[in-house]
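Reproduced below: entry15.cif, with mmCIF, C-alpha atoms.
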data_target
loop_
_atom_site.label_atom_id
_atom_site.label_comp_id
_atom_site.auth_asym_id
_atom_site.auth_seq_id
_atom_site.Cartn_x
_atom_site.Cartn_y
_atom_site.Cartn_z
CA MET A 28 111.87 105.79 115.77
CA THR A 29 110.50 108.95 114.15
CA ALA A 30 107.78 111.24 115.47
CA TYR A 31 104.63 111.31 113.32
CA THR A 32 101.17 112.79 113.54
CA ALA A 33 98.49 110.53 112.07
CA THR A 34 95.21 112.22 111.20
CA VAL A 35 92.24 109.84 111.21
CA THR A 36 89.08 111.28 109.60
CA VAL A 37 85.91 109.33 110.38
CA ARG A 38 82.89 109.96 108.13
CA LEU A 39 79.44 108.45 108.01
CA LYS A 40 79.07 106.07 105.07
CA HIS A 41 77.06 107.34 102.15
CA GLY A 42 73.36 106.80 102.87
CA VAL A 43 73.62 106.90 106.67
CA LEU A 44 71.40 109.68 108.02
CA ASP A 45 73.23 112.58 109.68
CA PRO A 46 70.64 114.67 111.57
CA GLU A 47 73.36 116.82 113.16
CA ALA A 48 74.70 117.86 109.74
CA GLU A 49 71.14 118.51 108.49
CA THR A 50 70.43 120.73 111.48
CA THR A 51 73.70 122.62 110.95
CA GLN A 52 72.90 123.10 107.27
CA ARG A 53 69.42 124.43 108.06
CA ALA A 54 70.83 126.78 110.70
CA LEU A 55 73.31 128.18 108.13
CA GLU A 56 70.48 128.61 105.62
CA ARG A 57 68.44 130.47 108.25
CA LEU A 58 71.43 132.80 108.59
CA GLU A 59 71.03 133.35 104.80
CA PHE A 60 74.14 131.46 103.78
CA ASP A 61 73.95 129.85 100.35
CA LEU A 62 75.17 126.22 100.32
CA GLU A 63 74.37 123.00 98.46
CA ASP A 64 75.20 120.39 101.06
CA LEU A 65 77.00 119.94 104.37
CA ARG A 66 78.57 116.79 105.79
CA SER A 67 80.25 116.44 109.15
CA ALA A 68 83.19 114.26 110.15
CA ASP A 69 85.22 113.55 113.27
CA GLN A 70 88.94 114.03 113.10
CA PHE A 71 91.53 112.58 115.47
CA GLU A 72 95.10 113.88 115.40
CA ILE A 73 97.31 111.24 116.96
CA ASP A 74 100.96 111.89 117.85
CA LEU A 75 102.96 108.66 117.78
CA ASP A 76 106.48 107.36 117.31
CA ALA A 77 107.07 104.71 114.65
CA VAL A 78 109.90 103.27 112.55
CA ASP A 79 108.47 104.78 109.36
CA ALA A 80 105.38 106.46 107.93
CA ASP A 81 103.85 103.14 106.83
CA ALA A 82 104.10 101.73 110.34
CA ALA A 83 102.50 104.91 111.73
CA ALA A 84 99.65 104.68 109.19
CA ASP A 85 99.12 100.98 109.97
CA ARG A 86 98.92 101.63 113.70
CA ALA A 87 96.50 104.55 113.23
CA GLY A 88 94.38 102.40 110.88
CA GLU A 89 94.18 99.70 113.53
CA MET A 90 93.09 102.32 116.11
CA ALA A 91 90.32 103.34 113.70
CA GLU A 92 89.23 99.73 113.19
CA ARG A 93 89.20 98.90 116.88
CA LEU A 94 87.89 102.09 118.48
CA LEU A 95 87.61 105.33 116.52
CA ALA A 96 85.27 104.17 113.73
CA ASN A 97 82.26 101.88 113.70
CA PRO A 98 82.68 99.82 110.50
CA THR A 99 78.90 99.36 110.17
CA ILE A 100 78.26 103.07 109.64
CA HIS A 101 81.65 104.76 109.16
CA ASP A 102 84.39 105.06 106.57
CA TYR A 103 87.75 106.36 107.67
CA GLU A 104 90.86 107.82 106.10
CA VAL A 105 94.39 108.02 107.54
CA ASP A 106 96.99 110.69 106.69
CA VAL A 107 100.47 110.67 108.19
CA ALA A 108 102.87 113.62 108.47
CA HIS A 109 106.17 114.21 110.24
CA ARG A 110 105.77 115.96 113.55
CA MET B 8 79.81 130.19 89.33
CA THR B 9 82.01 127.20 90.08
CA ALA B 10 81.27 124.27 92.38
CA TYR B 11 83.59 124.06 95.40
CA THR B 12 83.84 122.01 98.56
CA ALA B 13 85.06 124.01 101.55
CA THR B 14 86.40 121.98 104.45
CA VAL B 15 86.18 123.78 107.79
CA THR B 16 88.18 122.15 110.60
CA VAL B 17 87.28 123.35 114.08
CA ARG B 18 89.78 122.63 116.87
CA LEU B 19 89.85 123.53 120.54
CA LYS B 20 92.36 126.30 121.23
CA HIS B 21 95.58 125.23 122.89
CA GLY B 22 95.01 124.99 126.65
CA VAL B 23 91.25 124.28 126.49
CA LEU B 24 90.53 120.98 128.22
CA ASP B 25 89.27 118.17 125.97
CA PRO B 26 87.92 115.38 128.20
CA GLU B 27 86.56 113.46 125.19
CA ALA B 28 90.02 113.30 123.60
CA GLU B 29 91.58 112.29 126.94
CA THR B 30 89.04 109.49 127.34
CA THR B 31 89.67 108.30 123.77
CA GLN B 32 93.44 108.36 124.35
CA ARG B 33 93.09 106.34 127.56
CA ALA B 34 90.81 103.82 125.86
CA LEU B 35 93.42 103.34 123.09
CA GLU B 36 96.14 102.89 125.72
CA ARG B 37 93.99 100.28 127.48
CA LEU B 38 93.87 98.45 124.13
CA GLU B 39 97.72 98.55 124.31
CA PHE B 40 98.22 101.07 121.54
CA ASP B 41 101.32 103.18 121.91
CA LEU B 42 100.66 106.93 121.36
CA GLU B 43 102.02 110.25 122.66
CA ASP B 44 98.95 112.46 122.40
CA LEU B 45 95.51 112.61 120.81
CA ARG B 46 93.49 115.70 119.86
CA SER B 47 90.02 115.73 118.37
CA ALA B 48 88.50 118.17 115.88
CA ASP B 49 85.18 118.64 114.11
CA GLN B 50 85.20 118.83 110.36
CA PHE B 51 82.47 120.26 108.14
CA GLU B 52 82.55 119.60 104.39
CA ILE B 53 80.43 122.26 102.72
CA ASP B 54 79.45 122.09 99.05
CA LEU B 55 78.85 125.57 97.67
CA ASP B 56 78.89 127.50 94.40
CA ALA B 57 81.03 130.64 94.22
CA VAL B 58 82.66 132.88 91.62
CA ASP B 59 86.15 131.77 92.66
CA ALA B 60 88.02 129.85 95.36
CA ASP B 61 88.63 133.01 97.42
CA ALA B 62 84.92 133.79 97.52
CA ALA B 63 84.19 130.20 98.58
CA ALA B 64 86.84 130.39 101.35
CA ASP B 65 85.47 133.75 102.55
CA ARG B 66 81.92 132.43 102.75
CA ALA B 67 83.02 129.27 104.60
CA GLY B 68 85.10 131.41 106.99
CA GLU B 69 82.04 133.53 107.74
CA MET B 70 80.03 130.35 108.42
CA ALA B 71 82.73 129.31 110.89
CA GLU B 72 82.69 132.75 112.60
CA ARG B 73 78.93 132.87 112.88
CA LEU B 74 77.97 129.27 113.66
CA LEU B 75 80.48 126.43 113.30
CA ALA B 76 83.15 127.65 115.72
CA ASN B 77 82.97 129.38 119.08
CA PRO B 78 85.76 132.00 118.95
CA THR B 79 86.23 131.88 122.73
CA ILE B 80 87.41 128.27 122.69
CA HIS B 81 87.95 127.28 119.04
CA ASP B 82 90.39 127.92 116.23
CA TYR B 83 89.33 127.03 112.71
CA GLU B 84 90.94 126.41 109.35
CA VAL B 85 89.33 126.56 105.89
CA ASP B 86 90.46 124.56 102.84
CA VAL B 87 88.78 124.89 99.47
CA ALA B 88 88.85 122.39 96.59
CA HIS B 89 87.01 122.06 93.29
CA ARG B 90 84.07 119.71 93.46
#

Do you think you could lay out the structure here as structure tokens?
Amino acid sequence: MTAYTATVTVRLKHGVLDPEAETTQRALERLEFDLEDLRSADQFEIDLDAVDADAAADRAGEMAERLLANPTIHDYEVDVAHR
Amino acid sequence: MTAYTATVTVRLKHGVLDPEAETTQRALERLEFDLEDLRSADQFEIDLDAVDADAAADRAGEMAERLLANPTIHDYEVDVAHR
């Protein structure tokens, strides 16, 4: 077993409204920052032990499917690195 | 001016309690997932135009300092990529 950190990034699907990101963007613009667009995402860094990187990625992907992401509105991405 | 996407990742500083991450970890364990630790972070993907990547990173860092992160409890990290 090897120690990995799987990073699961959960984003709203394209077209799903994100009022929090819009509010953040407007607040930055009120502070006179110049930006074109802002999107927000949730990131989960999961430390786990697995036989190899593929097994770690599979397990993290299953966590996303079952709990971390809502497939109706979210896309997710999994990255695995040695810990 | 070149089009960049700056990704600002905002994490709780080491030692700051994260009850949301603890709850998520326990929920995954109740679903019989095997994991050592789970940390959560907020990610902001900011599209902006800047003269070069350093200028884009500086502007995104200032956004983090002024609004996206709370320096008392958060650390942040800025990554810049071409859009």

When the PyMOL selection byres ((chain A) within 7 of (chain B)) is applied to the file above, which residues end up in the set, as a PyMOL selection string?
chain A and resi 62-75

Between atom CA of A:Gly88 and atom CA of A:Val43, what distance in Å does the model show, to one decimal?
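Taking atom CA of A:Gly88 and atom CA of A:Val43, their separation equals 21.7 Å.
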
Taking all atoms listed in the file into account, which of B:Ala63, B:Leu24, B:Val58, B:Met8 comes nearest B:Asp86?
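The shortest atom-to-atom distance to B:Asp86 comes from B:Ala63.
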
What would the selection look like, as a PDB file with C-alpha atoms, in the frame of the given file, if the PyMOL selection byres ((chain A and resi 98-102) around 8) were run on the coordinates I just shared?
ATOM      1  CA  VAL A  37      85.910 109.330 110.380  1.00  0.00           C
ATOM      2  CA  ARG A  38      82.890 109.960 108.130  1.00  0.00           C
ATOM      3  CA  LEU A  39      79.440 108.450 108.010  1.00  0.00           C
ATOM      4  CA  LYS A  40      79.070 106.070 105.070  1.00  0.00           C
ATOM      5  CA  VAL A  43      73.620 106.900 106.670  1.00  0.00           C
ATOM      6  CA  GLU A  92      89.230  99.730 113.190  1.00  0.00           C
ATOM      7  CA  ALA A  96      85.270 104.170 113.730  1.00  0.00           C
ATOM      8  CA  ASN A  97      82.260 101.880 113.700  1.00  0.00           C
ATOM      9  CA  TYR A 103      87.750 106.360 107.670  1.00  0.00           C
ATOM     10  CA  GLU A 104      90.860 107.820 106.100  1.00  0.00           C
TER      11      GLU A 104
END

Can I have chain B aligned to chain A? Use a least-squares fit on all Cα atoms paired in order and write it out as a compact mmCIF listing (two decimals) with C-alpha atoms, in the frame of the given file.
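Saved file result_21.txt follows:
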# COMPACT_ATOMS: atom_id res chain seq x y z
CA MET B 8 111.87 105.81 115.77
CA THR B 9 110.49 108.95 114.16
CA ALA B 10 107.78 111.26 115.47
CA TYR B 11 104.63 111.32 113.32
CA THR B 12 101.16 112.79 113.53
CA ALA B 13 98.49 110.53 112.06
CA THR B 14 95.21 112.21 111.19
CA VAL B 15 92.24 109.84 111.19
CA THR B 16 89.08 111.26 109.60
CA VAL B 17 85.91 109.33 110.37
CA ARG B 18 82.90 109.96 108.13
CA LEU B 19 79.43 108.45 108.01
CA LYS B 20 79.07 106.06 105.07
CA HIS B 21 77.06 107.35 102.14
CA GLY B 22 73.36 106.82 102.86
CA VAL B 23 73.62 106.91 106.68
CA LEU B 24 71.41 109.68 108.02
CA ASP B 25 73.22 112.59 109.69
CA PRO B 26 70.64 114.68 111.58
CA GLU B 27 73.36 116.84 113.16
CA ALA B 28 74.69 117.86 109.74
CA GLU B 29 71.14 118.51 108.48
CA THR B 30 70.42 120.73 111.49
CA THR B 31 73.70 122.62 110.97
CA GLN B 32 72.91 123.09 107.27
CA ARG B 33 69.43 124.43 108.07
CA ALA B 34 70.82 126.79 110.70
CA LEU B 35 73.30 128.18 108.14
CA GLU B 36 70.48 128.61 105.62
CA ARG B 37 68.43 130.47 108.25
CA LEU B 38 71.43 132.81 108.59
CA GLU B 39 71.04 133.33 104.79
CA PHE B 40 74.16 131.46 103.77
CA ASP B 41 73.96 129.88 100.36
CA LEU B 42 75.17 126.22 100.33
CA GLU B 43 74.37 123.00 98.44
CA ASP B 44 75.19 120.39 101.07
CA LEU B 45 76.98 119.95 104.38
CA ARG B 46 78.56 116.78 105.79
CA SER B 47 80.24 116.43 109.15
CA ALA B 48 83.20 114.24 110.14
CA ASP B 49 85.22 113.54 113.27
CA GLN B 50 88.94 114.02 113.11
CA PHE B 51 91.53 112.57 115.47
CA GLU B 52 95.10 113.88 115.40
CA ILE B 53 97.32 111.24 116.96
CA ASP B 54 100.96 111.89 117.85
CA LEU B 55 102.94 108.66 117.78
CA ASP B 56 106.48 107.37 117.30
CA ALA B 57 107.06 104.72 114.64
CA VAL B 58 109.90 103.28 112.56
CA ASP B 59 108.48 104.76 109.35
CA ALA B 60 105.38 106.46 107.94
CA ASP B 61 103.85 103.13 106.84
CA ALA B 62 104.11 101.73 110.36
CA ALA B 63 102.51 104.91 111.74
CA ALA B 64 99.65 104.68 109.18
CA ASP B 65 99.12 100.98 109.97
CA ARG B 66 98.92 101.62 113.70
CA ALA B 67 96.50 104.55 113.24
CA GLY B 68 94.38 102.40 110.88
CA GLU B 69 94.18 99.70 113.54
CA MET B 70 93.10 102.32 116.10
CA ALA B 71 90.33 103.35 113.70
CA GLU B 72 89.23 99.70 113.19
CA ARG B 73 89.20 98.91 116.87
CA LEU B 74 87.89 102.10 118.48
CA LEU B 75 87.61 105.34 116.50
CA ALA B 76 85.28 104.18 113.73
CA ASN B 77 82.27 101.88 113.70
CA PRO B 78 82.67 99.83 110.49
CA THR B 79 78.91 99.36 110.16
CA ILE B 80 78.27 103.06 109.64
CA HIS B 81 81.66 104.76 109.17
CA ASP B 82 84.38 105.04 106.57
CA TYR B 83 87.76 106.35 107.67
CA GLU B 84 90.86 107.82 106.09
CA VAL B 85 94.39 108.01 107.54
CA ASP B 86 96.98 110.68 106.69
CA VAL B 87 100.46 110.67 108.19
CA ALA B 88 102.86 113.62 108.47
CA HIS B 89 106.17 114.21 110.24
CA ARG B 90 105.78 115.96 113.55

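Between atom CA of A:Arg53 and atom CA of B:Asp25 lies a distance of 27.5 Å.
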
Using the incomplete input, complete stretch 35-49 of chain A to the level of N, CA and C atoms; output as a PDB file, keeping the file's coordinate frame.
ATOM      1  N   VAL A  35      93.285 110.802 111.571  1.00  0.00           N
ATOM      2  CA  VAL A  35      92.240 109.840 111.210  1.00  0.00           C
ATOM      3  C   VAL A  35      90.933 110.620 111.060  1.00  0.00           C
ATOM      4  N   THR A  36      90.358 110.598 109.857  1.00  0.00           N
ATOM      5  CA  THR A  36      89.080 111.280 109.600  1.00  0.00           C
ATOM      6  C   THR A  36      88.000 110.216 109.487  1.00  0.00           C
ATOM      7  N   VAL A  37      86.985 110.321 110.322  1.00  0.00           N
ATOM      8  CA  VAL A  37      85.910 109.330 110.380  1.00  0.00           C
ATOM      9  C   VAL A  37      84.632 109.978 109.856  1.00  0.00           C
ATOM     10  N   ARG A  38      84.103 109.423 108.758  1.00  0.00           N
ATOM     11  CA  ARG A  38      82.890 109.960 108.130  1.00  0.00           C
ATOM     12  C   ARG A  38      81.794 108.926 108.159  1.00  0.00           C
ATOM     13  N   LEU A  39      80.551 109.382 108.190  1.00  0.00           N
ATOM     14  CA  LEU A  39      79.440 108.450 108.010  1.00  0.00           C
ATOM     15  C   LEU A  39      79.458 107.926 106.585  1.00  0.00           C
ATOM     16  N   LYS A  40      79.162 106.639 106.417  1.00  0.00           N
ATOM     17  CA  LYS A  40      79.070 106.070 105.070  1.00  0.00           C
ATOM     18  C   LYS A  40      77.953 106.765 104.308  1.00  0.00           C
ATOM     19  N   HIS A  41      78.088 106.770 103.002  1.00  0.00           N
ATOM     20  CA  HIS A  41      77.060 107.340 102.150  1.00  0.00           C
ATOM     21  C   HIS A  41      75.727 106.633 102.421  1.00  0.00           C
ATOM     22  N   GLY A  42      74.676 107.400 102.642  1.00  0.00           N
ATOM     23  CA  GLY A  42      73.360 106.800 102.870  1.00  0.00           C
ATOM     24  C   GLY A  42      72.972 106.744 104.333  1.00  0.00           C
ATOM     25  N   VAL A  43      73.957 106.897 105.239  1.00  0.00           N
ATOM     26  CA  VAL A  43      73.620 106.900 106.670  1.00  0.00           C
ATOM     27  C   VAL A  43      73.130 108.309 107.038  1.00  0.00           C
ATOM     28  N   LEU A  44      71.980 108.379 107.673  1.00  0.00           N
ATOM     29  CA  LEU A  44      71.400 109.680 108.020  1.00  0.00           C
ATOM     30  C   LEU A  44      72.291 110.433 108.996  1.00  0.00           C
ATOM     31  N   ASP A  45      72.389 111.758 108.812  1.00  0.00           N
ATOM     32  CA  ASP A  45      73.230 112.580 109.680  1.00  0.00           C
ATOM     33  C   ASP A  45      72.396 113.791 110.143  1.00  0.00           C
ATOM     34  N   PRO A  46      71.535 113.580 111.144  1.00  0.00           N
ATOM     35  CA  PRO A  46      70.640 114.670 111.570  1.00  0.00           C
ATOM     36  C   PRO A  46      71.410 115.886 112.083  1.00  0.00           C
ATOM     37  N   GLU A  47      72.585 115.678 112.666  1.00  0.00           N
ATOM     38  CA  GLU A  47      73.360 116.820 113.160  1.00  0.00           C
ATOM     39  C   GLU A  47      73.792 117.720 111.982  1.00  0.00           C
ATOM     40  N   ALA A  48      74.284 117.083 110.911  1.00  0.00           N
ATOM     41  CA  ALA A  48      74.700 117.860 109.740  1.00  0.00           C
ATOM     42  C   ALA A  48      73.494 118.561 109.109  1.00  0.00           C
ATOM     43  N   GLU A  49      72.345 117.880 109.067  1.00  0.00           N
ATOM     44  CA  GLU A  49      71.140 118.510 108.490  1.00  0.00           C
ATOM     45  C   GLU A  49      70.728 119.732 109.302  1.00  0.00           C
TER      46      GLU A  49
END
